[in-house]
>>> print(open('data-v2.cif').read())   # mmCIF, C-alpha atoms
data_start
#
loop_
_atom_site.label_atom_id
_atom_site.label_comp_id
_atom_site.auth_asym_id
_atom_site.auth_seq_id
_atom_site.Cartn_x
_atom_site.Cartn_y
_atom_site.Cartn_z
CA ALA R 14 -16.06 -27.87 -20.15
CA SER R 15 -14.24 -30.59 -18.22
CA GLY R 16 -10.69 -29.78 -17.18
CA LYS R 17 -11.26 -26.02 -17.61
CA GLY R 18 -12.47 -23.13 -15.54
CA ILE R 19 -15.74 -21.44 -16.39
CA SER R 20 -16.06 -17.74 -17.21
CA ALA R 21 -19.09 -15.78 -16.10
CA ALA R 22 -19.73 -14.55 -19.64
CA ALA R 23 -19.69 -18.09 -21.01
CA PHE R 24 -21.99 -19.41 -18.30
CA LEU R 25 -25.32 -19.18 -20.13
CA ALA R 26 -23.69 -20.20 -23.40
CA GLU R 27 -22.61 -23.46 -21.80
CA ALA R 28 -26.14 -23.96 -20.53
CA THR R 29 -27.65 -23.77 -24.00
CA GLU R 30 -25.07 -26.09 -25.56
CA SER R 31 -25.85 -29.05 -23.33
CA SER R 32 -29.09 -31.01 -23.37
CA SER R 33 -28.60 -33.44 -20.52
CA GLY R 34 -28.04 -33.41 -16.77
CA ILE R 35 -28.45 -30.07 -15.04
CA TRP R 36 -28.68 -28.32 -18.41
CA ASN R 37 -31.74 -30.14 -19.72
CA SER R 38 -34.22 -28.04 -21.70
CA ASN R 39 -36.66 -27.52 -18.83
CA ILE R 40 -34.01 -26.12 -16.51
CA VAL R 41 -32.49 -23.95 -19.22
CA GLY R 42 -35.94 -22.57 -19.93
CA ARG R 43 -36.34 -21.55 -16.32
CA ILE R 44 -32.93 -19.84 -16.37
CA ILE R 45 -33.31 -17.88 -19.59
CA SER R 46 -37.09 -17.35 -19.63
CA PRO R 47 -38.28 -17.31 -16.01
CA ASN R 48 -41.64 -16.13 -14.79
CA LYS R 49 -41.96 -12.42 -15.61
CA SER R 50 -42.52 -11.56 -11.96
CA LYS R 51 -39.03 -12.85 -11.22
CA VAL R 52 -37.16 -11.10 -14.01
CA ARG R 53 -34.30 -8.71 -13.22
CA ASP R 54 -31.74 -6.78 -15.22
CA PRO R 55 -28.31 -8.12 -14.13
CA SER R 56 -26.69 -4.77 -14.98
CA THR R 57 -28.80 -2.82 -12.48
CA ALA R 58 -30.30 -5.31 -9.98
CA HIS R 59 -28.65 -8.05 -7.97
CA ALA R 60 -29.93 -11.57 -7.40
CA GLY R 61 -31.10 -12.96 -4.09
CA LEU R 62 -30.56 -16.51 -2.86
CA GLN R 63 -33.32 -18.89 -1.88
CA ASN R 64 -33.44 -20.04 1.74
CA LEU R 65 -33.84 -23.82 1.90
CA GLY R 66 -35.12 -23.78 5.47
CA GLY R 67 -32.15 -22.91 7.66
CA THR R 68 -29.51 -21.74 5.18
CA CYS R 69 -29.63 -17.96 5.70
CA TYR R 70 -26.08 -18.12 7.13
CA MET R 71 -24.79 -19.67 3.89
CA ASN R 72 -26.67 -17.15 1.76
CA ALA R 73 -25.34 -14.17 3.70
CA LEU R 74 -21.76 -15.41 3.43
CA PHE R 75 -21.97 -16.33 -0.27
CA GLN R 76 -23.39 -12.91 -1.13
CA GLY R 77 -20.42 -11.23 0.52
CA LEU R 78 -17.85 -13.54 -1.08
CA PHE R 79 -19.46 -13.11 -4.50
CA PHE R 80 -18.68 -9.38 -4.42
CA CYS R 81 -15.01 -10.05 -3.65
CA ARG R 82 -13.72 -9.98 -7.23
CA PHE R 83 -10.55 -11.95 -6.44
CA PHE R 84 -12.56 -14.76 -4.90
CA ARG R 85 -15.27 -14.82 -7.58
CA GLN R 86 -12.72 -14.95 -10.39
CA ALA R 87 -10.81 -17.75 -8.65
CA ILE R 88 -14.00 -19.79 -8.47
CA PHE R 89 -14.64 -19.26 -12.18
CA ASP R 90 -11.00 -20.06 -13.04
CA CYS R 91 -10.79 -23.25 -10.99
CA CYS R 92 -10.11 -26.14 -13.38
CA ILE R 93 -12.45 -29.10 -12.95
CA PRO R 94 -10.82 -32.47 -13.78
CA GLU R 95 -12.50 -34.98 -16.15
CA ASN R 96 -13.14 -37.49 -13.38
CA ARG R 97 -14.01 -34.98 -10.71
CA THR R 98 -14.31 -35.92 -7.06
CA VAL R 99 -17.09 -34.92 -4.68
CA GLU R 100 -15.04 -31.85 -3.73
CA PHE R 101 -14.79 -30.62 -7.31
CA THR R 102 -18.50 -31.27 -7.84
CA ALA R 103 -19.10 -28.71 -5.10
CA ILE R 104 -16.75 -26.24 -6.82
CA ARG R 105 -18.63 -26.73 -10.10
CA GLU R 106 -21.94 -26.04 -8.37
CA LEU R 107 -20.44 -22.92 -6.83
CA GLN R 108 -19.33 -21.83 -10.31
CA TYR R 109 -22.88 -22.33 -11.56
CA LEU R 110 -24.31 -20.43 -8.59
CA PHE R 111 -21.99 -17.45 -9.07
CA GLY R 112 -22.62 -17.56 -12.82
CA ARG R 113 -26.37 -17.33 -12.28
CA MET R 114 -25.92 -14.53 -9.76
CA GLN R 115 -23.90 -12.55 -12.28
CA GLU R 116 -25.51 -13.36 -15.63
CA SER R 117 -29.02 -14.76 -15.32
CA VAL R 118 -32.20 -12.68 -15.18
CA GLN R 119 -33.71 -14.56 -12.24
CA SER R 120 -34.40 -12.39 -9.22
CA SER R 121 -33.51 -15.23 -6.83
CA ILE R 122 -31.31 -18.26 -7.37
CA ASP R 123 -31.86 -21.83 -6.16
CA THR R 124 -29.10 -22.80 -3.71
CA ALA R 125 -30.07 -26.46 -3.31
CA PRO R 126 -27.46 -27.84 -5.79
CA VAL R 127 -24.48 -26.18 -4.06
CA ALA R 128 -25.85 -26.93 -0.57
CA ASP R 129 -26.28 -30.60 -1.46
CA ALA R 130 -22.82 -30.76 -3.03
CA LEU R 131 -21.38 -29.34 0.22
CA ASP R 132 -23.46 -31.85 2.24
CA ILE R 133 -25.29 -29.06 4.07
CA ASP R 134 -28.47 -29.96 5.94
CA HIS R 135 -31.17 -27.62 4.61
CA ASN R 136 -33.02 -27.39 7.93
CA ILE R 137 -30.18 -26.94 10.42
CA GLN R 138 -28.79 -23.44 10.83
CA GLN R 139 -25.08 -23.18 11.57
CA ASP R 140 -22.87 -20.56 13.17
CA VAL R 141 -21.61 -18.56 10.19
CA GLN R 142 -18.18 -18.13 11.83
CA GLU R 143 -17.69 -21.88 12.14
CA PHE R 144 -19.04 -22.42 8.63
CA LEU R 145 -16.63 -19.87 7.18
CA SER R 146 -13.65 -21.62 8.79
CA LEU R 147 -14.71 -25.02 7.44
CA PHE R 148 -15.53 -23.55 4.02
CA PHE R 149 -12.14 -21.84 3.69
CA ASP R 150 -10.37 -25.08 4.68
CA PHE R 151 -12.41 -26.96 2.07
CA LEU R 152 -11.61 -24.42 -0.66
CA SER R 153 -7.90 -24.36 0.19
CA GLY R 154 -7.74 -28.13 -0.30
CA CYS R 155 -9.57 -27.93 -3.64
CA PHE R 156 -7.56 -24.99 -4.96
CA GLU R 157 -4.29 -26.75 -4.14
CA LYS R 158 -5.32 -29.56 -6.52
CA SER R 159 -6.27 -27.16 -9.30
CA SER R 160 -4.00 -26.96 -12.35
CA ASN R 161 -4.55 -23.19 -12.48
CA GLU R 162 -1.65 -21.54 -10.65
CA LYS R 163 -3.56 -18.30 -10.02
CA THR R 164 -6.36 -20.27 -8.36
CA LYS R 165 -3.89 -21.91 -5.99
CA GLU R 166 -2.89 -18.50 -4.67
CA VAL R 167 -6.35 -16.99 -4.16
CA MET R 168 -6.71 -17.87 -0.48
CA ASN R 169 -3.59 -15.77 0.13
CA VAL R 170 -5.80 -12.76 -0.58
CA PHE R 171 -7.41 -13.39 2.83
CA GLY R 172 -4.18 -14.49 4.51
CA GLY R 173 -2.06 -12.47 6.89
CA MET R 174 0.27 -13.01 9.82
CA TYR R 175 0.73 -11.54 13.26
CA ALA R 176 3.21 -12.36 16.01
CA TYR R 177 2.83 -12.62 19.78
CA GLN R 178 5.81 -10.92 21.38
CA THR R 179 6.46 -11.57 25.06
CA LYS R 180 9.14 -9.90 27.14
CA CYS R 181 10.07 -11.37 30.51
CA SER R 182 10.09 -8.71 33.24
CA THR R 183 12.86 -10.56 35.14
CA CYS R 184 15.52 -11.35 32.52
CA GLY R 185 14.34 -9.13 29.67
CA VAL R 186 14.46 -11.91 27.08
CA LEU R 187 12.00 -11.38 24.21
CA SER R 188 10.22 -14.36 22.63
CA ARG R 189 8.23 -14.26 19.40
CA ARG R 190 5.59 -16.65 18.04
CA GLY R 191 4.06 -16.15 14.59
CA CYS R 192 0.43 -16.96 13.75
CA LYS R 193 -1.08 -17.12 10.28
CA PHE R 194 -4.70 -16.02 9.91
CA GLN R 195 -7.50 -15.68 7.38
CA VAL R 196 -9.91 -14.15 9.88
CA LEU R 197 -9.19 -11.81 12.81
CA ASP R 198 -11.30 -12.33 15.93
CA PHE R 199 -11.90 -9.21 18.03
CA ALA R 200 -13.29 -9.10 21.55
CA ILE R 201 -16.12 -6.70 22.40
CA ARG R 202 -15.74 -4.56 25.52
CA GLY R 203 -18.29 -2.10 26.87
CA HIS R 204 -21.77 -1.11 25.72
CA SER R 205 -20.50 0.68 22.61
CA ILE R 206 -17.25 0.21 20.69
CA THR R 207 -15.83 0.99 17.27
CA LEU R 208 -14.06 -1.39 14.92
CA GLU R 209 -10.91 0.73 15.24
CA GLU R 210 -11.01 0.42 19.04
CA MET R 211 -11.38 -3.37 18.83
CA PHE R 212 -8.43 -3.56 16.41
CA SER R 213 -6.28 -1.33 18.65
CA ALA R 214 -7.16 -3.43 21.70
CA PHE R 215 -6.14 -6.58 19.81
CA LEU R 216 -2.69 -5.07 19.14
CA SER R 217 -2.23 -3.44 22.55
CA GLU R 218 0.14 -4.49 25.31
CA GLU R 219 -1.09 -6.64 28.21
CA GLN R 220 0.50 -7.46 31.56
CA LEU R 221 0.98 -11.13 32.37
CA VAL R 222 0.88 -11.33 36.17
CA HIS R 223 -0.55 -13.73 38.77
CA PRO R 224 -2.51 -15.89 38.08
CA ASN R 225 -1.53 -15.61 34.38
CA LYS R 226 2.22 -15.45 34.69
CA TYR R 227 4.43 -16.29 31.71
CA PHE R 228 6.72 -19.34 31.77
CA CYS R 229 10.13 -18.01 30.78
CA GLU R 230 12.43 -20.69 29.40
CA ASN R 231 15.47 -18.56 30.14
CA CYS R 232 14.48 -18.19 33.82
CA ASN R 233 13.00 -21.71 33.88
CA GLY R 234 9.99 -20.54 35.82
CA LEU R 235 6.82 -18.44 35.93
CA GLN R 236 7.52 -14.73 35.69
CA ASN R 237 5.70 -11.45 35.22
CA ALA R 238 5.87 -10.36 31.59
CA LYS R 239 4.54 -7.98 28.95
CA ARG R 240 2.88 -9.29 25.80
CA TRP R 241 1.72 -7.52 22.66
CA VAL R 242 0.77 -8.35 19.09
CA THR R 243 2.70 -7.15 16.04
CA LEU R 244 1.08 -7.31 12.61
CA CYS R 245 3.63 -8.86 10.23
CA ASN R 246 1.67 -9.23 7.00
CA ALA R 247 -1.63 -7.54 6.12
CA PRO R 248 -4.08 -9.35 3.80
CA GLU R 249 -5.55 -7.74 0.69
CA VAL R 250 -9.02 -8.61 1.95
CA LEU R 251 -9.43 -8.30 5.71
CA TYR R 252 -12.16 -10.42 7.31
CA VAL R 253 -12.98 -9.46 10.90
CA GLN R 254 -15.28 -11.22 13.37
CA ALA R 255 -16.72 -9.55 16.44
CA LEU R 256 -16.82 -12.22 19.16
CA ARG R 257 -20.36 -11.75 20.39
CA TYR R 258 -20.67 -15.09 22.17
CA ILE R 259 -18.92 -15.72 25.50
CA TYR R 260 -19.29 -18.56 27.96
CA ASP R 261 -21.24 -17.71 31.12
CA PRO R 262 -20.07 -20.04 33.93
CA GLU R 263 -23.21 -19.37 35.99
CA LEU R 264 -25.60 -20.19 33.17
CA MET R 265 -23.19 -22.87 31.87
CA ARG R 266 -23.78 -21.82 28.27
CA LYS R 267 -22.75 -19.20 25.74
CA VAL R 268 -24.53 -15.85 25.88
CA LYS R 269 -24.64 -13.07 23.31
CA ILE R 270 -23.12 -9.63 23.88
CA HIS R 271 -25.63 -7.00 22.75
CA SER R 272 -23.19 -4.11 22.41
CA ILE R 273 -23.16 -1.53 19.63
CA VAL R 274 -20.31 -2.01 17.17
CA ASP R 275 -19.66 1.00 14.97
CA CYS R 276 -18.07 0.14 11.61
CA PRO R 277 -16.39 2.87 9.55
CA LEU R 278 -16.71 2.82 5.77
CA GLY R 279 -12.91 2.74 5.65
CA PHE R 280 -9.81 3.09 7.79
CA ARG R 281 -6.05 3.54 7.50
CA LEU R 282 -4.04 0.73 9.10
CA MET R 283 -1.33 3.05 10.40
CA ASP R 284 -3.90 5.11 12.31
CA ILE R 285 -4.92 1.99 14.26
CA ALA R 286 -1.46 0.48 14.72
CA VAL R 287 0.14 3.46 16.51
CA ASP R 288 -0.80 3.85 20.20
CA ASP R 289 -0.93 6.99 22.33
CA GLN R 290 2.77 6.65 23.21
CA GLY R 291 3.75 6.46 19.53
CA LYS R 292 4.54 2.73 19.58
CA CYS R 293 3.80 1.12 16.21
CA ALA R 294 2.40 -2.43 16.08
CA LEU R 295 3.34 -2.94 12.43
CA ASP R 296 6.34 -5.08 11.49
CA GLY R 297 9.18 -3.89 9.23
CA GLU R 298 7.89 -3.72 5.65
CA LEU R 299 4.30 -2.90 6.64
CA ARG R 300 5.41 0.47 7.97
CA ALA R 301 6.54 1.47 4.48
CA TYR R 302 3.10 0.92 2.91
CA ASP R 303 0.00 3.02 3.43
CA TYR R 304 -2.59 0.27 3.87
CA ARG R 305 -6.17 1.51 3.59
CA TYR R 306 -9.18 -0.75 3.89
CA ILE R 307 -12.63 0.02 2.45
CA LEU R 308 -15.66 -1.64 4.02
CA GLY R 309 -17.22 -4.01 1.49
CA CYS R 310 -19.57 -6.27 3.44
CA VAL R 311 -21.20 -6.63 6.87
CA LEU R 312 -22.91 -9.81 8.07
CA LEU R 313 -25.59 -9.30 10.71
CA HIS R 314 -27.26 -11.81 13.01
CA ALA R 315 -30.60 -11.34 14.80
CA GLY R 316 -31.23 -13.82 17.60
CA GLU R 317 -29.86 -15.05 20.90
CA THR R 318 -27.77 -18.02 19.71
CA ALA R 319 -25.50 -18.38 16.69
CA ASP R 320 -27.34 -21.45 15.40
CA THR R 321 -30.81 -19.90 15.62
CA GLY R 322 -32.23 -16.55 14.55
CA HIS R 323 -31.52 -15.06 11.15
CA TYR R 324 -28.53 -13.84 9.12
CA VAL R 325 -28.52 -11.05 6.53
CA SER R 326 -25.71 -9.20 4.78
CA TYR R 327 -25.08 -5.65 3.61
CA VAL R 328 -22.78 -5.44 0.57
CA ARG R 329 -21.18 -2.59 -1.35
CA ASP R 330 -21.24 -3.17 -5.13
CA ARG R 331 -18.78 -1.90 -7.77
CA ASN R 332 -20.88 1.25 -8.22
CA ASN R 333 -20.37 2.10 -4.54
CA GLN R 334 -24.02 1.38 -3.74
CA TRP R 335 -25.05 -0.59 -0.68
CA TRP R 336 -27.53 -3.48 -0.86
CA LYS R 337 -29.26 -5.50 1.82
CA TYR R 338 -29.42 -9.23 1.10
CA ASP R 339 -32.11 -11.00 3.08
CA ASP R 340 -32.16 -14.39 1.33
CA HIS R 341 -34.27 -13.93 -1.84
CA TYR R 342 -35.16 -10.32 -1.00
CA VAL R 343 -32.63 -7.71 -2.18
CA SER R 344 -33.06 -3.99 -1.53
CA LEU R 345 -31.00 -0.83 -2.03
CA VAL R 346 -30.05 0.91 1.22
CA GLU R 347 -28.66 4.32 2.13
CA MET R 348 -25.70 4.61 4.50
CA GLY R 349 -25.79 7.17 7.32
CA ASP R 350 -24.53 10.71 6.87
CA GLU R 351 -21.58 10.00 9.17
CA GLY R 352 -20.46 7.17 6.92
CA THR R 353 -20.80 4.41 9.49
CA SER R 354 -22.81 1.24 9.82
CA GLN R 355 -24.12 0.72 13.34
CA GLN R 356 -25.01 -2.66 14.74
CA GLU R 357 -26.88 -2.91 18.03
CA GLY R 358 -26.02 -6.36 19.25
CA GLU R 359 -26.63 -7.87 15.84
CA GLY R 360 -23.30 -7.99 14.08
CA GLU R 361 -20.92 -10.77 13.22
#
>>> encode(input="data-v2.cif", output="structure tokens")
Amino acid sequence: ASGKGISAAAFLAEATESSSGIWNSNIVGRIISPNKSKVRDPSTAHAGLQNLGGTCYMNALFQGLFFCRFFRQAIFDCCIPENRTVEFTAIRELQYLFGRMQESVQSSIDTAPVADALDIDHNIQQDVQEFLSLFFDFLSGCFEKSSNEKTKEVMNVFGGMYAYQTKCSTCGVLSRRGCKFQVLDFAIRGHSITLEEMFSAFLSEEQLVHPNKYFCENCNGLQNAKRWVTLCNAPEVLYVQALRYIYDPELMRKVKIHSIVDCPLGFRLMDIAVDDQGKCALDGELRAYDYRYILGCVLLHAGETADTGHYVSYVRDRNNQWWKYDDHYVSLVEMGDEGTSQQEGEGE
């Protein structure tokens, strides 16, 4: 349906109404009447994604994004122009992929069409963090060209803003610099740390002293200062990355931090934003709202480097059940009694 979005419910109907291109009879037959060993019930079982050689990072990310209802609906609603460009061809393939994941009875879905449309090398594994950044930039550009106004706004679901606030210890002048984000990067400190502790550390105050003094424009020179982060706008969907790779100057390469990161199944933003002295790191309007986040997806990486090893994802579905997605293999998992998901040096 050129010039229109595609609904999940109409996905298979469109497949049966076309007899050429991707919807030729042989392909449609494989979608609607696959081998019995690969049949699933879409209402009770979820679909896996086929690994093309080195695309586990893409599969893990797409599985998580698929279960974000705002994002999935925006993909379906994105209007494809009659004379679509290469970019919109990729969006159409993503619509087909998500449609199959939601409606078809195949137990695993072929990812080659969307990978090829995104010009992804099947055999080269990428760092999922870098891929996410590039993928979000790509989608933002496509959505801006869409004629659907709701689609244009979807990336705002992931968007937030924080501000660096720096106070000169000499003159007392306070400077403020805002930063928009779609992903928050948190440093890992110590052998074991919780997500709440990483978030609190990100917001906490730091002392800028020699050799990291602050250049104060009012004093026109380097001065001691205090700096902290204030959260100005909280996104509806919060994406957090644990920075597990740091540069080792002795080895002259990045090394992985194998610390345990403990993720709660949910947290209240106000509980994290207020420090032991009662100082709140939330800006104006945020203090009036009781923001609570529920864990929906965790991406895990096994291996020593980000572009080798293997990526899997754990996703919570709409029935509050957790599933492990390991490419084509999908299995139901039970969360721990304490309601946390522990990662021993494996998490992204």
>>> resolve_selection(input="data-v2.cif", expression="the PyMOL selection byres ((chain R and resi 250-259) around 9)", output="PyMOL selection string")
chain R and resi 81+142+170-173+195-201+208+211+247-249+260-261+266-272+274+306+318-319+358-361
>>> residues_around(input="data-v2.cif", residues="Tyr227 (chain R)", least_positions_apart="4", cutoff="8 Å", atoms="only C-alpha atoms", output="list in words")
Cys181, Leu221, Val222, Leu235, Gln236, Asn237 and Ala238 of chain R
>>> residues_around(input="data-v2.cif", residues="region 122-137 of chain R", least_positions_apart="5", cutoff="7 Å", atoms="only C-alpha atoms", output="list of chain:residue names")
R:Ala60, R:Gly61, R:Leu62, R:Gln63, R:Leu65, R:Gly66, R:Gly67, R:Thr68, R:Thr102, R:Ala103, R:Glu106, R:Leu107, R:Met114
>>> closest_residue(input="data-v2.cif", among="R:Ile285, R:Cys92, R:Val328, R:Ile273", to="Glu162 (chain R)", atoms="all atoms listed in the file")
R:Cys92
>>> residues_around(input="data-v2.cif", residues="Leu187 (chain R)", least_positions_apart="2", cutoff="12 Å", atoms="all atoms listed in the file", output="list in words")
Tyr177, Gln178, Thr179, Lys180, Cys181, Ser182, Thr183, Cys184, Gly185, Arg189, Arg190, Tyr227, Cys229, Glu230, Asn231, Ala238, Lys239, Arg240 and Trp241 of chain R
>>> closest_residue(input="data-v2.cif", among="R:Gly291, R:Gly77, R:Gly322, R:Pro277", to="Ile307 (chain R)", atoms="only C-alpha atoms")
R:Pro277
>>> resolve_selection(input="data-v2.cif", expression="the PyMOL selection byres ((chain R and resi 80) around 12)", output="PyMOL selection string")
chain R and resi 59-60+73-79+81-86+111+114-115+250+308-311+326-333+335-336
>>> residues_around(input="data-v2.cif", residues="region 70-72 of chain R", least_positions_apart="5", cutoff="7 Å", atoms="only C-alpha atoms", output="list in words")
Leu62, Gln139, Val141, Tyr324 and Asp340 of chain R
>>> closest_residue(input="data-v2.cif", among="R:Cys192, R:Ala315, R:Ala58, R:Cys91", to="Ser160 (chain R)", atoms="all atoms listed in the file")
R:Cys91
>>> closest_residue(input="data-v2.cif", among="R:Asn233, R:Ser153, R:Ser120, R:Asn64", to="His323 (chain R)", atoms="all atoms listed in the file")
R:Asn64
>>> closest_residue(input="data-v2.cif", among="R:Asp54, R:Ser121, R:Leu145, R:Leu152", to="Arg105 (chain R)", atoms="all atoms listed in the file")
R:Leu152
>>> closest_residue(input="data-v2.cif", among="R:Ala87, R:Leu312, R:Val343, R:Leu147", to="Met168 (chain R)", atoms="only C-alpha atoms")
R:Ala87
>>> residues_around(input="data-v2.cif", residues="Gly154 (chain R)", least_positions_apart="4", cutoff="12 Å", atoms="all atoms listed in the file", output="number ranges by chain")
R: 100-101, 104, 147-150, 158-159, 164-168
>>> write_last_selection(input="data-v2.cif", atoms="C-alpha atoms", output="compact mmCIF listing (two decimals), keeping the file's coordinate frame")
# COMPACT_ATOMS: atom_id res chain seq x y z
CA GLU R 100 -15.04 -31.85 -3.73
CA PHE R 101 -14.79 -30.62 -7.31
CA ILE R 104 -16.75 -26.24 -6.82
CA LEU R 147 -14.71 -25.02 7.44
CA PHE R 148 -15.53 -23.55 4.02
CA PHE R 149 -12.14 -21.84 3.69
CA ASP R 150 -10.37 -25.08 4.68
CA LYS R 158 -5.32 -29.56 -6.52
CA SER R 159 -6.27 -27.16 -9.30
CA THR R 164 -6.36 -20.27 -8.36
CA LYS R 165 -3.89 -21.91 -5.99
CA GLU R 166 -2.89 -18.50 -4.67
CA VAL R 167 -6.35 -16.99 -4.16
CA MET R 168 -6.71 -17.87 -0.48
